[in-house]
file entry.cif (mmCIF, C-alpha atoms)
data_coords
loop_
_atom_site.label_atom_id
_atom_site.label_comp_id
_atom_site.auth_asym_id
_atom_site.auth_seq_id
_atom_site.Cartn_x
_atom_site.Cartn_y
_atom_site.Cartn_z
CA MET A 1 -11.25 -94.80 50.11
CA ASN A 2 -14.20 -93.68 52.24
CA LYS A 3 -14.33 -94.31 55.95
CA MET A 4 -15.20 -97.94 56.54
CA ILE A 5 -18.88 -98.74 56.84
CA LEU A 6 -18.04 -100.93 59.82
CA ASP A 7 -17.16 -97.77 61.78
CA LYS A 8 -20.65 -96.31 61.41
CA PRO A 9 -23.21 -96.46 64.21
CA LEU A 10 -25.76 -99.24 64.00
CA ILE A 11 -29.28 -97.99 63.41
CA ASN A 12 -32.13 -99.94 64.88
CA ASN A 13 -34.70 -100.47 62.12
CA GLY A 14 -36.25 -103.64 63.47
CA MET A 15 -33.18 -105.85 62.98
CA SER A 16 -30.98 -107.21 65.71
CA ASN A 17 -27.46 -105.88 66.20
CA VAL A 18 -26.12 -109.14 64.79
CA GLU A 19 -28.16 -108.71 61.60
CA LEU A 20 -27.15 -105.09 61.28
CA LYS A 21 -23.49 -105.91 61.78
CA LYS A 22 -23.69 -108.56 59.07
CA ILE A 23 -25.13 -106.06 56.60
CA PHE A 24 -22.37 -103.58 57.38
CA GLN A 25 -19.77 -106.31 56.91
CA LYS A 26 -21.21 -107.25 53.51
CA ASN A 27 -21.30 -103.64 52.41
CA SER A 28 -17.68 -103.12 53.43
CA ILE A 29 -16.73 -106.06 51.20
CA ILE A 30 -18.81 -104.66 48.32
CA GLU A 31 -17.18 -101.22 48.66
CA TYR A 32 -13.69 -102.70 48.77
CA LEU A 33 -14.27 -104.72 45.59
CA TYR A 34 -16.03 -101.85 43.81
CA ARG A 35 -13.21 -99.40 44.45
CA LEU A 36 -10.19 -101.68 44.12
CA GLY A 37 -11.33 -104.43 41.78
CA PRO A 38 -11.02 -108.24 42.09
CA THR A 39 -9.00 -109.40 45.06
CA SER A 40 -8.50 -112.32 47.42
CA ASN A 41 -9.95 -113.36 50.77
CA PRO A 42 -6.69 -112.47 52.64
CA ASP A 43 -6.64 -108.97 51.09
CA ILE A 44 -10.26 -108.39 52.12
CA ALA A 45 -9.42 -109.63 55.61
CA ARG A 46 -6.55 -107.18 55.93
CA PHE A 47 -8.80 -104.27 55.00
CA THR A 48 -11.93 -105.20 56.96
CA LYS A 49 -10.19 -106.76 59.99
CA MET A 50 -12.59 -109.70 59.74
CA SER A 51 -11.51 -113.30 60.04
CA SER A 52 -11.01 -115.40 56.91
CA PRO A 53 -13.85 -117.86 57.82
CA THR A 54 -16.25 -114.93 58.31
CA ILE A 55 -15.29 -113.45 54.94
CA THR A 56 -15.65 -116.83 53.23
CA LYS A 57 -19.19 -117.14 54.57
CA LEU A 58 -20.16 -113.56 53.63
CA LEU A 59 -18.65 -113.90 50.15
CA GLN A 60 -20.69 -117.02 49.53
CA GLU A 61 -23.88 -115.23 50.58
CA LEU A 62 -23.05 -112.33 48.25
CA ILE A 63 -22.32 -114.81 45.45
CA ASP A 64 -25.74 -116.38 46.05
CA LEU A 65 -27.25 -112.89 45.65
CA ASP A 66 -25.29 -112.50 42.37
CA ILE A 67 -23.59 -109.35 43.71
CA ILE A 68 -20.14 -110.94 43.96
CA ARG A 69 -18.58 -113.45 41.57
CA ASP A 70 -15.83 -116.01 41.99
CA MET A 71 -13.26 -114.89 39.42
CA GLY A 72 -11.12 -118.03 39.68
CA ILE A 73 -7.39 -118.31 40.32
CA GLY A 74 -5.25 -115.18 39.89
CA GLU A 75 -1.57 -114.68 39.23
CA SER A 76 0.87 -115.52 42.00
CA ILE A 77 2.96 -112.72 43.48
CA GLY A 78 5.02 -115.20 45.43
CA GLY A 79 3.67 -118.38 46.93
CA ARG A 80 0.28 -119.91 46.37
CA LYS A 81 -1.93 -118.48 43.62
CA PRO A 82 -4.88 -116.61 45.17
CA ASN A 83 -8.55 -117.21 44.48
CA LEU A 84 -10.04 -113.88 43.37
CA PHE A 85 -13.47 -112.41 43.97
CA GLY A 86 -14.96 -109.47 42.11
CA ILE A 87 -18.15 -107.46 41.98
CA ASN A 88 -20.78 -108.40 39.41
CA PRO A 89 -20.84 -105.26 37.24
CA ASN A 90 -24.50 -105.70 36.34
CA ALA A 91 -25.75 -106.34 39.85
CA LYS A 92 -26.84 -102.68 40.10
CA TYR A 93 -27.20 -99.64 37.85
CA ILE A 94 -26.85 -95.88 38.22
CA ILE A 95 -28.38 -93.08 36.15
CA GLY A 96 -25.95 -90.24 35.44
CA ILE A 97 -27.07 -86.81 34.20
CA ASP A 98 -24.93 -83.83 33.23
CA LEU A 99 -27.11 -80.72 32.86
CA ASP A 100 -24.79 -78.12 31.35
CA CYS A 101 -25.75 -74.56 30.45
CA ARG A 102 -26.24 -75.47 26.79
CA MET A 103 -25.91 -79.26 26.59
CA VAL A 104 -27.44 -82.28 28.33
CA LYS A 105 -25.82 -85.70 28.64
CA LEU A 106 -27.43 -88.72 30.29
CA GLY A 107 -26.93 -92.45 30.45
CA VAL A 108 -27.13 -95.60 32.57
CA PHE A 109 -23.97 -97.10 34.06
CA ASN A 110 -23.13 -100.37 35.77
CA LEU A 111 -20.84 -101.09 38.73
CA ALA A 112 -17.83 -101.23 36.39
CA ASN A 113 -18.64 -97.57 35.61
CA GLU A 114 -19.42 -98.58 32.03
CA ALA A 115 -22.35 -97.24 30.02
CA VAL A 116 -24.99 -99.94 29.55
CA SER A 117 -27.24 -97.64 27.55
CA GLU A 118 -26.81 -95.14 24.79
CA ILE A 119 -25.28 -91.87 26.06
CA LEU A 120 -27.83 -89.27 25.01
CA THR A 121 -26.33 -85.87 24.19
CA TYR A 122 -28.48 -82.99 23.03
CA PHE A 123 -28.65 -79.20 23.12
CA GLY A 124 -30.75 -77.71 25.86
CA ASN A 125 -30.77 -74.62 28.05
CA VAL A 126 -30.74 -75.45 31.74
CA LYS A 127 -32.80 -72.30 32.42
CA ASP A 128 -35.62 -73.68 30.27
CA LYS A 129 -37.92 -75.40 32.76
CA ASN A 130 -39.75 -77.26 30.01
CA MET A 131 -36.44 -78.83 28.93
CA VAL A 132 -35.59 -79.90 32.47
CA PHE A 133 -38.95 -81.16 33.65
CA SER A 134 -40.58 -82.41 30.47
CA ASP A 135 -38.12 -83.01 27.66
CA LEU A 136 -35.45 -84.54 29.90
CA PHE A 137 -37.90 -86.84 31.67
CA LYS A 138 -39.36 -87.92 28.33
CA ARG A 139 -35.93 -88.69 26.88
CA LEU A 140 -34.81 -90.53 30.00
CA ASP A 141 -38.06 -92.52 30.14
CA ASN A 142 -37.49 -93.64 26.55
CA LEU A 143 -33.87 -94.51 27.26
CA LEU A 144 -34.82 -96.66 30.24
CA GLU A 145 -37.52 -98.40 28.23
CA GLU A 146 -35.13 -99.13 25.37
CA SER A 147 -32.43 -100.43 27.71
CA GLN A 148 -34.83 -103.06 29.15
CA LEU A 149 -32.82 -103.12 32.36
CA ASP A 150 -34.34 -104.46 35.58
CA ARG A 151 -35.64 -101.32 37.30
CA THR A 152 -35.36 -102.97 40.74
CA LYS A 153 -31.56 -102.96 40.29
CA PHE A 154 -31.23 -99.17 40.09
CA LEU A 155 -29.37 -97.56 42.98
CA GLY A 156 -30.12 -93.92 42.27
CA ILE A 157 -29.70 -90.86 40.08
CA GLY A 158 -26.80 -88.42 40.09
CA VAL A 159 -27.31 -84.97 38.58
CA SER A 160 -24.64 -82.38 37.80
CA ILE A 161 -26.00 -78.87 37.31
CA PRO A 162 -24.42 -75.40 37.07
CA GLY A 163 -25.05 -72.64 39.58
CA LEU A 164 -25.50 -72.42 43.32
CA ILE A 165 -26.66 -75.78 44.66
CA ASP A 166 -27.37 -76.91 48.21
CA SER A 167 -26.29 -80.53 47.82
CA LYS A 168 -28.01 -81.56 51.08
CA THR A 169 -31.50 -80.50 50.04
CA GLY A 170 -31.23 -80.41 46.26
CA GLN A 171 -32.26 -76.75 46.34
CA THR A 172 -31.03 -74.91 43.26
CA TYR A 173 -30.64 -71.16 43.02
CA VAL A 174 -31.26 -70.96 39.28
CA ASP A 175 -35.07 -70.89 39.62
CA LEU A 176 -35.54 -74.59 38.82
CA ARG A 177 -38.69 -75.22 40.81
CA VAL A 178 -42.15 -76.37 39.74
CA ASP A 179 -45.12 -76.22 42.11
CA ASP A 180 -42.62 -75.32 44.83
CA LYS A 181 -40.77 -78.64 44.40
CA THR A 182 -37.00 -78.81 44.10
CA LEU A 183 -35.29 -80.59 41.23
CA LYS A 184 -34.38 -83.41 43.64
CA GLU A 185 -38.00 -83.83 44.72
CA LEU A 186 -39.21 -83.89 41.12
CA PHE A 187 -36.70 -86.56 40.08
CA GLU A 188 -37.50 -88.70 43.12
CA ALA A 189 -41.25 -88.40 42.59
CA HIS A 190 -40.98 -89.32 38.90
CA TYR A 191 -38.51 -92.21 39.17
CA GLN A 192 -38.94 -93.39 42.77
CA LEU A 193 -35.16 -93.39 43.15
CA PRO A 194 -32.91 -91.47 45.53
CA THR A 195 -31.46 -88.51 43.65
CA ILE A 196 -28.27 -86.63 44.49
CA ILE A 197 -27.70 -83.21 42.95
CA ASP A 198 -24.59 -81.08 43.17
CA SER A 199 -22.91 -78.21 41.36
CA ASP A 200 -21.09 -79.12 38.16
CA SER A 201 -17.74 -77.95 39.52
CA ARG A 202 -17.95 -80.19 42.59
CA VAL A 203 -19.18 -83.07 40.44
CA MET A 204 -16.13 -82.51 38.24
CA ALA A 205 -13.92 -82.80 41.34
CA ILE A 206 -15.74 -85.99 42.37
CA GLY A 207 -15.24 -87.44 38.90
CA GLU A 208 -11.56 -86.52 38.80
CA GLN A 209 -11.06 -88.00 42.27
CA ALA A 210 -12.74 -91.27 41.31
CA PHE A 211 -11.48 -91.76 37.76
CA GLY A 212 -9.11 -88.99 36.70
CA TYR A 213 -5.85 -87.27 37.55
CA ALA A 214 -6.97 -86.51 41.12
CA LYS A 215 -7.19 -90.20 42.05
CA ASN A 216 -5.06 -90.93 45.14
CA LYS A 217 -4.17 -87.24 45.49
CA LYS A 218 -4.91 -85.19 48.61
CA ASP A 219 -4.99 -81.53 47.52
CA VAL A 220 -6.32 -80.72 44.07
CA LEU A 221 -8.12 -77.72 42.58
CA CYS A 222 -10.50 -78.52 39.70
CA LEU A 223 -11.32 -75.52 37.54
CA ASN A 224 -14.48 -75.89 35.45
CA ILE A 225 -14.61 -73.38 32.58
CA CYS A 226 -17.88 -73.48 30.67
CA ASP A 227 -20.29 -70.55 30.33
CA GLY A 228 -19.02 -69.54 33.74
CA VAL A 229 -16.02 -70.39 35.92
CA GLY A 230 -16.44 -72.78 38.85
CA LEU A 231 -14.05 -74.42 41.26
CA GLY A 232 -14.17 -77.88 42.83
CA MET A 233 -11.74 -78.28 45.72
CA ILE A 234 -10.30 -81.52 47.05
CA LEU A 235 -8.66 -80.65 50.35
CA ASN A 236 -6.92 -83.34 52.39
CA GLY A 237 -8.65 -85.96 50.25
CA ILE A 238 -12.18 -84.62 50.79
CA VAL A 239 -14.33 -82.62 48.35
CA TYR A 240 -14.85 -79.30 50.11
CA ARG A 241 -18.35 -77.77 50.16
CA GLY A 242 -18.22 -75.00 52.77
CA LYS A 243 -20.72 -74.33 55.55
CA SER A 244 -23.72 -73.81 53.27
CA GLY A 245 -22.58 -76.19 50.55
CA LEU A 246 -21.95 -73.26 48.22
CA ALA A 247 -18.15 -73.10 48.14
CA GLY A 248 -16.32 -72.83 44.83
CA GLU A 249 -17.77 -69.72 43.17
CA PHE A 250 -14.33 -68.82 41.85
CA GLY A 251 -15.79 -67.04 38.83
CA HIS A 252 -17.17 -64.29 41.03
CA ILE A 253 -13.95 -63.00 42.53
CA ASN A 254 -13.13 -59.48 41.35
CA VAL A 255 -10.25 -59.26 38.88
CA VAL A 256 -11.02 -56.13 36.82
CA LYS A 257 -11.55 -52.81 38.57
CA ASP A 258 -14.67 -51.12 37.17
CA GLY A 259 -15.06 -54.06 34.78
CA ASN A 260 -18.12 -55.35 32.98
CA LEU A 261 -21.36 -56.26 34.73
CA CYS A 262 -21.51 -59.96 35.67
CA THR A 263 -24.61 -62.16 35.76
CA CYS A 264 -24.32 -62.13 39.56
CA GLY A 265 -24.95 -58.38 39.60
CA LYS A 266 -21.38 -57.39 40.50
CA TYR A 267 -18.76 -55.76 38.29
CA GLY A 268 -15.39 -57.06 37.14
CA CYS A 269 -15.83 -60.75 38.07
CA LEU A 270 -13.46 -63.35 36.63
CA GLU A 271 -16.36 -64.78 34.61
CA THR A 272 -16.62 -61.55 32.63
CA VAL A 273 -13.14 -62.06 31.16
CA ALA A 274 -12.22 -65.75 31.52
CA SER A 275 -15.28 -67.90 30.82
CA GLY A 276 -16.75 -69.54 27.75
CA GLY A 277 -19.33 -66.77 27.58
CA ALA A 278 -16.61 -64.10 27.73
CA LEU A 279 -14.63 -65.93 25.05
CA ILE A 280 -17.63 -65.91 22.69
CA GLU A 281 -18.27 -62.22 23.36
CA GLN A 282 -14.62 -61.34 22.64
CA ALA A 283 -14.74 -63.32 19.39
CA GLN A 284 -17.94 -61.58 18.29
CA GLN A 285 -16.64 -58.11 19.13
CA GLY A 286 -13.30 -58.69 17.44
CA ILE A 287 -14.82 -59.97 14.21
CA LYS A 288 -17.38 -57.14 14.13
CA LYS A 289 -14.46 -54.69 14.30
CA GLY A 290 -12.94 -56.28 11.23
CA GLN A 291 -10.68 -58.92 12.76
CA ASP A 292 -10.01 -61.66 10.21
CA SER A 293 -10.61 -65.12 11.66
CA LEU A 294 -11.49 -68.68 10.69
CA ILE A 295 -14.22 -68.49 13.34
CA LYS A 296 -16.35 -66.40 10.98
CA GLU A 297 -16.09 -69.06 8.28
CA LEU A 298 -16.99 -71.85 10.70
CA VAL A 299 -20.30 -70.16 11.58
CA LYS A 300 -20.93 -69.07 7.96
CA GLY A 301 -20.87 -65.41 8.94
CA ASP A 302 -23.60 -65.71 11.63
CA LEU A 303 -21.75 -64.37 14.67
CA GLU A 304 -24.69 -65.12 16.97
CA GLU A 305 -24.06 -68.82 16.30
CA ILE A 306 -20.49 -68.81 17.63
CA HIS A 307 -19.92 -71.55 20.21
CA VAL A 308 -16.84 -72.31 22.27
CA SER A 309 -16.31 -75.40 20.11
CA ASP A 310 -15.93 -73.14 17.04
CA ILE A 311 -13.25 -71.09 18.78
CA ILE A 312 -11.41 -74.21 19.92
CA GLU A 313 -11.52 -75.62 16.38
CA ALA A 314 -10.06 -72.38 15.07
CA VAL A 315 -7.34 -72.45 17.75
CA ASN A 316 -6.33 -76.00 16.84
CA LYS A 317 -6.15 -74.98 13.17
CA GLY A 318 -3.70 -72.20 14.02
CA ASP A 319 -6.04 -69.20 13.78
CA LEU A 320 -4.06 -66.30 15.27
CA PHE A 321 -7.08 -64.34 16.51
CA ALA A 322 -8.56 -67.39 18.26
CA ILE A 323 -5.17 -68.17 19.83
CA GLU A 324 -4.87 -64.56 20.98
CA ILE A 325 -8.20 -64.53 22.85
CA ILE A 326 -7.50 -67.95 24.41
CA ASN A 327 -4.10 -66.64 25.50
CA LYS A 328 -5.73 -63.60 27.08
CA LEU A 329 -8.22 -65.81 28.91
CA GLY A 330 -5.37 -68.00 30.21
CA HIS A 331 -3.57 -64.91 31.51
CA PHE A 332 -6.60 -63.82 33.57
CA LEU A 333 -7.02 -67.37 34.92
CA GLY A 334 -3.34 -67.52 35.86
CA GLU A 335 -3.56 -64.25 37.78
CA ALA A 336 -6.60 -65.46 39.72
CA LEU A 337 -5.14 -68.94 40.33
CA ALA A 338 -1.94 -67.43 41.72
CA SER A 339 -3.81 -66.47 44.88
CA LEU A 340 -5.22 -69.98 45.27
CA VAL A 341 -1.76 -71.51 44.84
CA HIS A 342 -0.45 -69.31 47.67
CA ILE A 343 -3.43 -70.14 49.91
CA PHE A 344 -3.84 -73.89 49.28
CA ASN A 345 -0.44 -75.05 47.99
CA PRO A 346 -2.18 -77.70 45.81
CA GLU A 347 -0.30 -80.60 44.27
CA MET A 348 -2.35 -80.28 41.09
CA ILE A 349 -4.69 -77.92 39.26
CA ILE A 350 -6.97 -79.64 36.74
CA ILE A 351 -8.56 -77.47 34.05
CA GLY A 352 -11.84 -78.85 32.73
CA GLY A 353 -14.87 -77.69 30.78
CA LYS A 354 -15.28 -76.79 27.12
CA VAL A 355 -12.49 -74.21 27.09
CA ALA A 356 -9.98 -76.79 28.38
CA LEU A 357 -10.13 -78.51 24.99
CA ALA A 358 -7.68 -75.81 23.84
CA GLU A 359 -5.07 -77.87 25.75
CA ASP A 360 -1.57 -76.28 25.58
CA TYR A 361 -2.89 -73.05 24.06
CA LEU A 362 -4.63 -72.53 27.41
CA ILE A 363 -2.19 -74.23 29.79
CA ASN A 364 0.91 -72.36 28.57
CA PRO A 365 -0.36 -68.83 29.34
CA ILE A 366 -1.69 -70.05 32.71
CA GLN A 367 1.73 -71.52 33.55
CA ASN A 368 3.56 -68.42 32.39
CA THR A 369 1.34 -66.16 34.49
CA LEU A 370 1.66 -68.41 37.55
CA ASN A 371 5.44 -68.29 37.16
CA LYS A 372 5.20 -64.52 37.13
CA TYR A 373 2.91 -64.05 40.14
CA THR A 374 3.61 -66.95 42.51
CA ILE A 375 6.45 -67.74 44.88
CA SER A 376 8.58 -70.31 43.09
CA HIS A 377 8.99 -72.58 46.15
CA ILE A 378 5.20 -72.92 46.35
CA LYS A 379 4.53 -73.07 42.62
CA LYS A 380 7.09 -75.80 41.94
CA ASP A 381 4.93 -78.37 43.74
CA THR A 382 1.84 -77.59 41.65
CA GLU A 383 1.22 -79.40 38.38
CA VAL A 384 -1.27 -77.81 35.94
CA VAL A 385 -3.06 -80.17 33.53
CA THR A 386 -6.21 -80.38 31.45
CA SER A 387 -8.74 -83.04 32.43
CA LEU A 388 -7.99 -86.61 31.39
CA LEU A 389 -11.74 -87.28 31.24
CA GLN A 390 -12.52 -84.13 29.20
CA ASP A 391 -16.24 -83.78 28.44
CA LYS A 392 -17.13 -87.06 30.21
CA VAL A 393 -15.93 -85.92 33.64
CA LYS A 394 -19.25 -84.61 34.99
CA LEU A 395 -21.27 -87.56 33.70
CA LEU A 396 -18.84 -89.98 35.36
CA GLY A 397 -18.73 -87.71 38.40
CA SER A 398 -22.51 -88.00 38.76
CA VAL A 399 -22.11 -91.80 38.88
CA ALA A 400 -19.31 -91.57 41.47
CA MET A 401 -21.48 -89.20 43.50
CA VAL A 402 -24.23 -91.81 43.77
CA MET A 403 -21.78 -94.55 44.73
CA ASN A 404 -20.16 -92.35 47.37
CA GLN A 405 -23.60 -91.71 48.82
CA VAL A 406 -24.49 -95.41 48.79
CA PHE A 407 -21.35 -96.29 50.71
CA ASN A 408 -21.89 -93.48 53.21
CA GLU A 409 -25.57 -93.92 53.95
CA SER A 410 -27.18 -95.67 56.91
CA VAL A 411 -28.51 -99.24 56.63
CA GLU A 412 -32.00 -97.81 56.06
CA GLU A 413 -30.81 -96.11 52.88
CA MET A 414 -28.63 -98.92 51.54
CA LYS A 415 -29.86 -100.29 48.25
CA PHE A 416 -27.45 -103.16 47.70
CA LEU A 417 -29.00 -105.51 50.22
#
call {"tool": "encode", "arguments": {"input": "entry.cif", "output": "structure tokens"}}
result
Amino acid sequence: MNKMILDKPLINNGMSNVELKKIFQKNSIIEYLYRLGPTSNPDIARFTKMSSPTITKLLQELIDLDIIRDMGIGESIGGRKPNLFGINPNAKYIIGIDLDCRMVKLGVFNLANEAVSEILTYFGNVKDKNMVFSDLFKRLDNLLEESQLDRTKFLGIGVSIPGLIDSKTGQTYVDLRVDDKTLKELFEAHYQLPTIIDSDSRVMAIGEQAFGYAKNKKDVLCLNICDGVGLGMILNGIVYRGKSGLAGEFGHINVVKDGNLCTCGKYGCLETVASGGALIEQAQQGIKKGQDSLIKELVKGDLEEIHVSDIIEAVNKGDLFAIEIINKLGHFLGEALASLVHIFNPEMIIIGGKVALAEDYLINPIQNTLNKYTISHIKKDTEVVTSLLQDKVKLLGSVAMVMNQVFNESVEEMKFL
């Protein structure tokens, strides 16, 4: 759980210290109930260090605001049955957006992290400015209109996007600017809502930490394999960003001497042999050379239309060529991950992204290669899994990103109260 709001400095914005303290106390109660679910007055008191009468008064005020609800009597765990209080899931809403290289997902979520709108999913190239700044806004505008949700209840927008992202400023390094405005500035100007943008790999880590296998774990590496290869790192319970907020470019470490040219301008990067893009290229080249494969049938002979999903489908149907190229990809990933295991000694490595849908066909070669190249005493403490949340992880991560920001902002930025 994040550092308690009560520990933060009080900011003078025209309110007295007593008023400010009361807001912080209410927000600490809201955060506790949001993260841990319905609980009792004594449990809240133990966490917040506030007296029971104070909590009773604050809970009633939050109930009057329809943010908290009296959930009635809960089950006894010995002694008197407790009266439970829980957050009203529809007190506030969050917009989540996952801008992938080839696919866009967006939706509106409540405080129970449930979709309260249709989840729109459509093909779109993130490098196409018209898609980002016109088509996406148009689709989201229509979605918000159809949902008929109270716009005053929206907390903010979370956006997951591939590439180099400065999460503090919203500056992207994939040329997503219009009239010299950043993506963050454009979203905030259009929707009048605070917008948080971060790289898809870090958003994956945030999603896994909030809702997936990384929950309650301290040291986890989240590998995001889509068109490229990114890394989200949870170190000592905190998502690591690095000095400039650009940490995690795992796909650009050199693994092949004198290898192919990478999109970054260097040669032999991991992305050139172990990404979704590399997988498609290997499939195309193999089939052109006469390799028999179900992949060709799935795309009706049009090799330019091969997607990672076609290769995964072929793998799961037992296609030997598709299994072979997935196995090769897993081997390269295992070699590269071996260094990270030695450096970070993680308790878990989570493989996410489109390629992770190959499940054991990908995990097994990674495990075998790690066994070959890592010290057994270090490797034995590291579990390797594919994401529990699969293709929803970045959309849910964008929601968690907004909530983390809400609970870490100053009183001036708080939107609950």
call {"tool": "residues_near_point", "arguments": {"input": "entry.cif", "point": "(-5.8, -87.5, 46.9)", "cutoff": "12 Å", "atoms": "all atoms listed in the file", "output": "PDB file with C-alpha atoms, keeping the file's coordinate frame"}}
result
ATOM      1  CA  MET A   1     -11.250 -94.800  50.110  1.00  0.00           C
ATOM      2  CA  ASN A   2     -14.200 -93.680  52.240  1.00  0.00           C
ATOM      3  CA  ALA A 205     -13.920 -82.800  41.340  1.00  0.00           C
ATOM      4  CA  ILE A 206     -15.740 -85.990  42.370  1.00  0.00           C
ATOM      5  CA  GLU A 208     -11.560 -86.520  38.800  1.00  0.00           C
ATOM      6  CA  GLN A 209     -11.060 -88.000  42.270  1.00  0.00           C
ATOM      7  CA  ALA A 210     -12.740 -91.270  41.310  1.00  0.00           C
ATOM      8  CA  PHE A 211     -11.480 -91.760  37.760  1.00  0.00           C
ATOM      9  CA  GLY A 212      -9.110 -88.990  36.700  1.00  0.00           C
ATOM     10  CA  TYR A 213      -5.850 -87.270  37.550  1.00  0.00           C
ATOM     11  CA  ALA A 214      -6.970 -86.510  41.120  1.00  0.00           C
ATOM     12  CA  LYS A 215      -7.190 -90.200  42.050  1.00  0.00           C
ATOM     13  CA  ASN A 216      -5.060 -90.930  45.140  1.00  0.00           C
ATOM     14  CA  LYS A 217      -4.170 -87.240  45.490  1.00  0.00           C
ATOM     15  CA  LYS A 218      -4.910 -85.190  48.610  1.00  0.00           C
ATOM     16  CA  ASP A 219      -4.990 -81.530  47.520  1.00  0.00           C
ATOM     17  CA  VAL A 220      -6.320 -80.720  44.070  1.00  0.00           C
ATOM     18  CA  LEU A 221      -8.120 -77.720  42.580  1.00  0.00           C
ATOM     19  CA  MET A 233     -11.740 -78.280  45.720  1.00  0.00           C
ATOM     20  CA  ILE A 234     -10.300 -81.520  47.050  1.00  0.00           C
ATOM     21  CA  LEU A 235      -8.660 -80.650  50.350  1.00  0.00           C
ATOM     22  CA  ASN A 236      -6.920 -83.340  52.390  1.00  0.00           C
ATOM     23  CA  GLY A 237      -8.650 -85.960  50.250  1.00  0.00           C
ATOM     24  CA  ILE A 238     -12.180 -84.620  50.790  1.00  0.00           C
ATOM     25  CA  VAL A 239     -14.330 -82.620  48.350  1.00  0.00           C
ATOM     26  CA  PRO A 346      -2.180 -77.700  45.810  1.00  0.00           C
ATOM     27  CA  GLU A 347      -0.300 -80.600  44.270  1.00  0.00           C
ATOM     28  CA  MET A 348      -2.350 -80.280  41.090  1.00  0.00           C
TER      29      MET A 348
END
call {"tool": "closest_atom_pairs", "arguments": {"input": "entry.cif", "of": "segment 256-365 of chain A", "to": "segment 143-167 of chain A", "cutoff": "12 Å", "atoms": "all atoms listed in the file", "output": "Markdown table"}}
result
| residue | atom | partner | partner_atom | distance |
| --- | --- | --- | --- | --- |
| A:Thr263 | CA | A:Gly163 | CA | 11.2 |
| A:Cys264 | CA | A:Gly163 | CA | 10.5 |
| A:Gly353 | CA | A:Pro162 | CA | 11.7 |
call {"tool": "write_last_selection", "arguments": {"input": "entry.cif", "atoms": "C-alpha atoms", "output": "tab-separated table (two decimals), keeping the file's coordinate frame"}}
result
chain	number	residue	atom	x	y	z
A	263	THR	CA	-24.61	-62.16	35.76
A	264	CYS	CA	-24.32	-62.13	39.56
A	353	GLY	CA	-14.87	-77.69	30.78
call {"tool": "closest_residue", "arguments": {"input": "entry.cif", "among": "A:Val299, A:Gly334, A:Asn90, A:Asp135", "to": "Glu114 of chain A", "atoms": "all atoms listed in the file"}}
result
A:Asn90
call {"tool": "resolve_selection", "arguments": {"input": "entry.cif", "expression": "the PyMOL selection byres ((chain A and resi 335) around 12)", "output": "short mmCIF file (atom, residue, chain, number, x, y, z; two decimals) with C-alpha atoms, in the coordinates of the input"}}
result
data_model
loop_
_atom_site.label_atom_id
_atom_site.label_comp_id
_atom_site.auth_asym_id
_atom_site.auth_seq_id
_atom_site.Cartn_x
_atom_site.Cartn_y
_atom_site.Cartn_z
CA ILE A 253 -13.95 -63.00 42.53
CA ASN A 254 -13.13 -59.48 41.35
CA VAL A 255 -10.25 -59.26 38.88
CA VAL A 256 -11.02 -56.13 36.82
CA LEU A 270 -13.46 -63.35 36.63
CA VAL A 273 -13.14 -62.06 31.16
CA ALA A 274 -12.22 -65.75 31.52
CA LYS A 328 -5.73 -63.60 27.08
CA LEU A 329 -8.22 -65.81 28.91
CA GLY A 330 -5.37 -68.00 30.21
CA HIS A 331 -3.57 -64.91 31.51
CA PHE A 332 -6.60 -63.82 33.57
CA LEU A 333 -7.02 -67.37 34.92
CA GLY A 334 -3.34 -67.52 35.86
CA ALA A 336 -6.60 -65.46 39.72
CA LEU A 337 -5.14 -68.94 40.33
CA ALA A 338 -1.94 -67.43 41.72
CA SER A 339 -3.81 -66.47 44.88
CA LEU A 340 -5.22 -69.98 45.27
CA VAL A 341 -1.76 -71.51 44.84
CA HIS A 342 -0.45 -69.31 47.67
CA PRO A 365 -0.36 -68.83 29.34
CA ILE A 366 -1.69 -70.05 32.71
CA GLN A 367 1.73 -71.52 33.55
CA ASN A 368 3.56 -68.42 32.39
CA THR A 369 1.34 -66.16 34.49
CA LEU A 370 1.66 -68.41 37.55
CA ASN A 371 5.44 -68.29 37.16
CA LYS A 372 5.20 -64.52 37.13
CA TYR A 373 2.91 -64.05 40.14
CA THR A 374 3.61 -66.95 42.51
#
call {"tool": "atom_distance", "arguments": {"input": "entry.cif", "atom1": "atom CA of Leu298 of chain A", "atom2": "atom CA of Asn260 of chain A"}}
result
27.7 Å
call {"tool": "resolve_selection", "arguments": {"input": "entry.cif", "expression": "the PyMOL selection byres ((chain A and resi 194) around 10)", "output": "PyMOL selection string"}}
result
chain A and resi 154-158+184-185+187-189+191-193+195-196+402+405-406+413+415
call {"tool": "atom_distance", "arguments": {"input": "entry.cif", "atom1": "atom CA of Ser398 of chain A", "atom2": "atom CA of Asn113 of chain A"}}
result
10.8 Å
call {"tool": "residues_around", "arguments": {"input": "entry.cif", "residues": "Asp391 of chain A", "least_positions_apart": "4", "cutoff": "12 Å", "atoms": "only C-alpha atoms", "output": "ChimeraX atom specification"}}
result
/A:98,100,103-105,121,200,204,207-208,224-226,309,351-357,386-387,395-397
call {"tool": "atom_distance", "arguments": {"input": "entry.cif", "atom1": "atom CA of Leu99 of chain A", "atom2": "atom CA of Gly251 of chain A"}}
result
18.7 Å
call {"tool": "closest_residue", "arguments": {"input": "entry.cif", "among": "A:Asn27, A:Asn83, A:Asn41, A:Ser117", "to": "Leu62 of chain A", "atoms": "only C-alpha atoms"}}
result
A:Asn27
call {"tool": "residues_around", "arguments": {"input": "entry.cif", "residues": "Glu305 of chain A", "least_positions_apart": "5", "cutoff": "12 Å", "atoms": "all atoms listed in the file", "output": "list in words"}}
result
Ile280, Glu281, Ala283, Gln284, Ile295, Lys296, Glu297, Leu298, Val299, Lys300, Asp310 and Ile311 of chain A
